[in-house]
Amino acid sequence: MADLSLRHVNKKYSSNTSAVKDFSIDIEDEEFVVLVGPSGCGKTTLLRMIAGLEDLTDGEIYIDGRRVNQLSAKDRDIAMVFQNYALYPHMTVYDNMGFALKLKNLKKKDINRKIEEAAKILGIEHLMDRRPAALSGGEKQRVALGRAIVREPKIFLMDEPLANLDVQLRGQMRIEITKLHKTLKSTMIYVTHDQIEAMTMGDRIVVMKDGEVQQIDTPENIYNHPANLFVAGFIGSPQMNILEGTVHQQNNIAVVRLIDGTELAIEADMAEILLDKGYNDKNIYAGIRPEHLNAVVKSSPDKKMTYISGEVEVIENTGADVYLHLKKCGIKMIAKISKIAEIELEDQVNIAVNPSDIHFFDEETGEAII
Ligand code: ATP
């Protein structure tokens, strides 16, 4: 397996469209990196450049310290698994899996052994004589993975491999691929649109927008310390609530006054940072995740918490969780609660927030204030 470095990688398809802009990352041997971002942000282009299927406009790619810009795709020792499986329809599963090995002129008995081993890992031994048309989506995906595994590549690239599967199968395959990564001890780069895949599969997540990196970090840090408003809104479902407000110093403390006049307390350390950085009387965005808005029924306030009220507009019950959609003088919020309690539509509810759960973002740049 291998480590991979991208240095200032750029891709322009034409003079005015930059698909990837100044992308740099060092990926360690055996690391699992997940790439996420909205449609068209350059994820596939990036994978194709790493695989050698697309030229770079600028920048460098290194595999195990060796510059590979000029190396053709077949010499890079990288396997790519696609969303549409890309199996050869006229070949059996066995021939699909063995195709790349045959091209390498491996001995028949070695090809057999590698296919048997991969088929066993993926539980597809019984499908060897079938053609792709006679396979389910999940089976096709396993064969596509098998075809990549037998090559024992240095690096696996996966471009939304589970996107065509139903939710249940997706869940199973997600776990299979995570296990596979542990078994093969391989370096993997995995593109997805799926929040759960992004949060659960990778050692690190790369969040992209318009061809540019927004943040590269562990799933935990991306979720708990988003670098900017875009990452805060993109990771997490339902999205983080973003409330507009103004910072006000009151004696030794600071509050954020929302557009309806509600004052939310700011934690002492954060208040110091905001005041030091000159945010007094300035507009900022306060971000609060739905799970940190706690609908309270009891009347005695908790001193640790700060409060905001709202009218219940919609109650969404997913079975496991309940989401309250709240509105208040132009402010919209979603609160996640574990059960409906005694809350009904059009109720005015009091929402408790721990000041330490509030994120702050600069109004102009959208960057997190830390
Ligand atoms: P999706 O999630 O929809 O697959 P993506 O993040 O993978 O999107 P890319 O497919 O890498 O995005 O595309 C990035 C940008 O480059 C888009 O604006 C796209 O239109 C453009 N693009 C991709 N391939 C080409 C091409 N061959 N010629 C011209 N422009 C292209």
# chains A, B, ... in the order shown; residues from 1 in each chain; ligands from 1
>>> residues_around(residues="Leu324 in chain A", least_positions_apart="5", cutoff="8 Å", atoms="only C-alpha atoms", output="ChimeraX atom specification")
/A:312-316,334-337
>>> write_last_selection(atoms="C-alpha atoms", output="mmCIF file, in the first residue's frame")
data_model
loop_
_atom_site.group_PDB
_atom_site.id
_atom_site.type_symbol
_atom_site.label_atom_id
_atom_site.label_comp_id
_atom_site.auth_asym_id
_atom_site.auth_seq_id
_atom_site.Cartn_x
_atom_site.Cartn_y
_atom_site.Cartn_z
ATOM 1 C CA VAL A 312 -43.972 25.077 16.810
ATOM 2 C CA GLU A 313 -44.726 25.131 13.078
ATOM 3 C CA VAL A 314 -44.173 21.491 12.151
ATOM 4 C CA ILE A 315 -43.557 18.327 14.178
ATOM 5 C CA GLU A 316 -41.641 15.635 12.263
ATOM 6 C CA ILE A 334 -35.055 23.010 13.944
ATOM 7 C CA ALA A 335 -34.758 21.315 17.330
ATOM 8 C CA LYS A 336 -34.165 17.581 17.709
ATOM 9 C CA ILE A 337 -35.886 16.059 20.714
#
>>> residues_near_ligand(ligand="ligand 1", cutoff="8 Å", atoms="only C-alpha atoms and all ligand atoms", output="count of residues only")
22
>>> closest_residue(among="A:Asn164, A:Asn280, A:Met270, A:Asp260", to="Lys327 in chain A", atoms="only C-alpha atoms")
A:Asp260
>>> residues_around(residues="range 177-184 of chain A", least_positions_apart="2", cutoff="10 Å", atoms="only C-alpha atoms", output="PDB file with C-alpha atoms, in the first residue's frame")
ATOM      1  CA  MET A   1       0.000   0.000   0.000  1.00  0.00           C
ATOM      2  CA  GLU A  30      -3.502   2.798   5.055  1.00  0.00           C
ATOM      3  CA  GLU A  31      -5.536   5.968   5.585  1.00  0.00           C
ATOM      4  CA  PHE A  32      -9.218   6.133   4.600  1.00  0.00           C
ATOM      5  CA  ILE A 121     -13.962 -11.972   1.438  1.00  0.00           C
ATOM      6  CA  LEU A 122     -16.966 -10.569  -0.439  1.00  0.00           C
ATOM      7  CA  ARG A 142     -19.431  -6.655  -4.745  1.00  0.00           C
ATOM      8  CA  LEU A 145     -15.057  -4.341  -5.522  1.00  0.00           C
ATOM      9  CA  ILE A 149      -9.256  -6.231  -4.788  1.00  0.00           C
ATOM     10  CA  GLU A 152      -3.924  -5.694  -4.949  1.00  0.00           C
ATOM     11  CA  PHE A 156      -8.261   2.261  -3.987  1.00  0.00           C
ATOM     12  CA  PRO A 161     -19.842   3.142  -5.071  1.00  0.00           C
ATOM     13  CA  GLN A 172     -24.647  -3.250   4.865  1.00  0.00           C
ATOM     14  CA  MET A 173     -22.132  -2.402   2.141  1.00  0.00           C
ATOM     15  CA  ARG A 174     -20.910   0.595   4.122  1.00  0.00           C
ATOM     16  CA  ILE A 175     -19.898  -1.752   6.908  1.00  0.00           C
ATOM     17  CA  SER A 186      -5.215  -0.264   2.012  1.00  0.00           C
ATOM     18  CA  THR A 187      -5.065   3.449   1.283  1.00  0.00           C
ATOM     19  CA  MET A 188      -8.576   4.462   0.207  1.00  0.00           C
ATOM     20  CA  GLU A 197     -20.886   7.392   4.987  1.00  0.00           C
ATOM     21  CA  THR A 200     -18.591   6.904   9.804  1.00  0.00           C
ATOM     22  CA  MET A 201     -16.178   5.530   7.219  1.00  0.00           C
ATOM     23  CA  GLY A 202     -13.214   7.847   6.984  1.00  0.00           C
TER      24      GLY A 202
END
>>> residues_around(residues="Pro355 in chain A", least_positions_apart="3", cutoff="10 Å", atoms="only C-alpha atoms", output="list in words")
Val255, Leu264, Ala265, Ile266, Glu267, Ala268, Met270, Ile288, His292, Lys304, Met305, Thr306, Tyr307, Ala352, Ile358 and His359 of chain A
>>> residues_around(residues="Asp129 in chain A", least_positions_apart="6", cutoff="7 Å", atoms="only C-alpha atoms", output="list in words")
Thr92, Val93 and Tyr94 of chain A
>>> write_last_selection(atoms="C-alpha atoms", output="mmCIF file, in the first residue's frame")
data_model
loop_
_atom_site.group_PDB
_atom_site.id
_atom_site.type_symbol
_atom_site.label_atom_id
_atom_site.label_comp_id
_atom_site.auth_asym_id
_atom_site.auth_seq_id
_atom_site.Cartn_x
_atom_site.Cartn_y
_atom_site.Cartn_z
ATOM 1 C CA THR A 92 -18.936 -13.859 -16.351
ATOM 2 C CA VAL A 93 -18.198 -12.642 -12.835
ATOM 3 C CA TYR A 94 -15.061 -14.804 -12.841
#
>>> atom_distance(atom1="CA of Asn317 in chain A", atom2="CA of Gln195 in chain A")
19.8 Å
>>> atom_distance(atom1="CA of Asp64 in chain A", atom2="CA of Ala198 in chain A")
25.5 Å
>>> select_by_dssp(residues="range 34-86 of chain A", states="strand (DSSP E or B)", output="PDB file with C-alpha atoms, in the first residue's frame")
ATOM      1  CA  VAL A  34     -13.635  10.604   2.374  1.00  0.00           C
ATOM      2  CA  LEU A  35     -14.256  13.401  -0.149  1.00  0.00           C
ATOM      3  CA  VAL A  36     -17.573  15.246   0.146  1.00  0.00           C
ATOM      4  CA  ASP A  58      -0.913  22.447 -12.729  1.00  0.00           C
ATOM      5  CA  GLY A  59       0.526  20.860  -9.584  1.00  0.00           C
ATOM      6  CA  GLU A  60       2.027  17.545  -8.641  1.00  0.00           C
ATOM      7  CA  ILE A  61       0.977  14.090  -7.512  1.00  0.00           C
ATOM      8  CA  TYR A  62       3.352  11.804  -5.595  1.00  0.00           C
ATOM      9  CA  ILE A  63       2.821   8.151  -4.739  1.00  0.00           C
ATOM     10  CA  ARG A  66       7.582   9.357  -6.514  1.00  0.00           C
ATOM     11  CA  ARG A  67       6.202  12.021  -8.842  1.00  0.00           C
ATOM     12  CA  ILE A  78      -4.416   2.249  -8.551  1.00  0.00           C
ATOM     13  CA  ALA A  79      -7.876   0.634  -8.754  1.00  0.00           C
ATOM     14  CA  MET A  80     -11.017   2.702  -9.179  1.00  0.00           C
ATOM     15  CA  VAL A  81     -14.547   1.543  -8.314  1.00  0.00           C
TER      16      VAL A  81
END
>>> select_by_dssp(residues="range 71-298 of chain A", states="alpha helix (DSSP H)", output="ChimeraX atom specification")
/A:93-103,108-122,137-149,167-184,195-201,219-224,229-234,268-276
>>> closest_residue(among="A:Ile259, A:Ile253, A:Leu127, A:Ile50", to="Met158 in chain A", atoms="only C-alpha atoms")
A:Ile50
>>> closest_residue(among="A:Val322, A:Leu169, A:Leu293, A:Ile331", to="Asn354 in chain A", atoms="only C-alpha atoms")
A:Leu293
>>> residues_around(residues="Leu258 in chain A", least_positions_apart="3", cutoff="12 Å", atoms="only C-alpha atoms", output="ChimeraX atom specification")
/A:242-248,255,261-265,282-287,307-309,328-332
>>> write_last_selection(atoms="C-alpha atoms", output="PDB file, in the first residue's frame")
ATOM      1  CA  ILE A 242     -27.705  29.650  11.649  1.00  0.00           C
ATOM      2  CA  LEU A 243     -29.011  32.707  13.503  1.00  0.00           C
ATOM      3  CA  GLU A 244     -28.088  36.284  12.694  1.00  0.00           C
ATOM      4  CA  GLY A 245     -27.188  38.513  15.626  1.00  0.00           C
ATOM      5  CA  THR A 246     -25.053  41.288  17.061  1.00  0.00           C
ATOM      6  CA  VAL A 247     -22.455  40.955  19.809  1.00  0.00           C
ATOM      7  CA  HIS A 248     -23.019  43.263  22.804  1.00  0.00           C
ATOM      8  CA  VAL A 255     -24.375  38.434  24.737  1.00  0.00           C
ATOM      9  CA  GLY A 261     -34.271  41.011  20.481  1.00  0.00           C
ATOM     10  CA  THR A 262     -33.589  37.671  22.215  1.00  0.00           C
ATOM     11  CA  GLU A 263     -30.265  37.754  24.046  1.00  0.00           C
ATOM     12  CA  LEU A 264     -28.230  34.575  24.138  1.00  0.00           C
ATOM     13  CA  ALA A 265     -25.469  34.327  26.724  1.00  0.00           C
ATOM     14  CA  LYS A 282     -20.721  43.830  15.109  1.00  0.00           C
ATOM     15  CA  ASN A 283     -22.983  41.388  13.305  1.00  0.00           C
ATOM     16  CA  ILE A 284     -22.078  37.705  13.456  1.00  0.00           C
ATOM     17  CA  TYR A 285     -23.757  34.374  12.775  1.00  0.00           C
ATOM     18  CA  ALA A 286     -24.475  32.065  15.709  1.00  0.00           C
ATOM     19  CA  GLY A 287     -24.684  28.368  14.747  1.00  0.00           C
ATOM     20  CA  TYR A 307     -32.965  30.513  26.359  1.00  0.00           C
ATOM     21  CA  ILE A 308     -34.791  31.228  23.148  1.00  0.00           C
ATOM     22  CA  SER A 309     -38.503  30.751  22.532  1.00  0.00           C
ATOM     23  CA  LYS A 328     -39.965  33.351  15.747  1.00  0.00           C
ATOM     24  CA  CYS A 329     -40.087  36.807  14.155  1.00  0.00           C
ATOM     25  CA  GLY A 330     -38.201  35.853  11.013  1.00  0.00           C
ATOM     26  CA  ILE A 331     -36.004  33.268  12.748  1.00  0.00           C
ATOM     27  CA  LYS A 332     -36.453  29.619  11.764  1.00  0.00           C
TER      28      LYS A 332
END
>>> residues_around(residues="Arg48 in chain A", least_positions_apart="5", cutoff="10 Å", atoms="only C-alpha atoms", output="PyMOL selection string")
chain A and resi 42-43+53-56+73+80+157+159
>>> closest_residue(among="A:Pro89, A:Pro153, A:Gly137, A:Pro132", to="Ala51 in chain A", atoms="only C-alpha atoms")
A:Pro153
>>> closest_residue(among="A:Met49, A:Ile343, A:Ile155, A:Val150", to="Asp3 in chain A", atoms="only C-alpha atoms")
A:Ile155
>>> atom_distance(atom1="CA of Gly236 in chain A", atom2="CA of Leu345 in chain A")
25.1 Å
>>> closest_residue(among="A:Gly319, A:Gly98, A:Pro301, A:Gly366", to="Asn350 in chain A", atoms="only C-alpha atoms")
A:Pro301
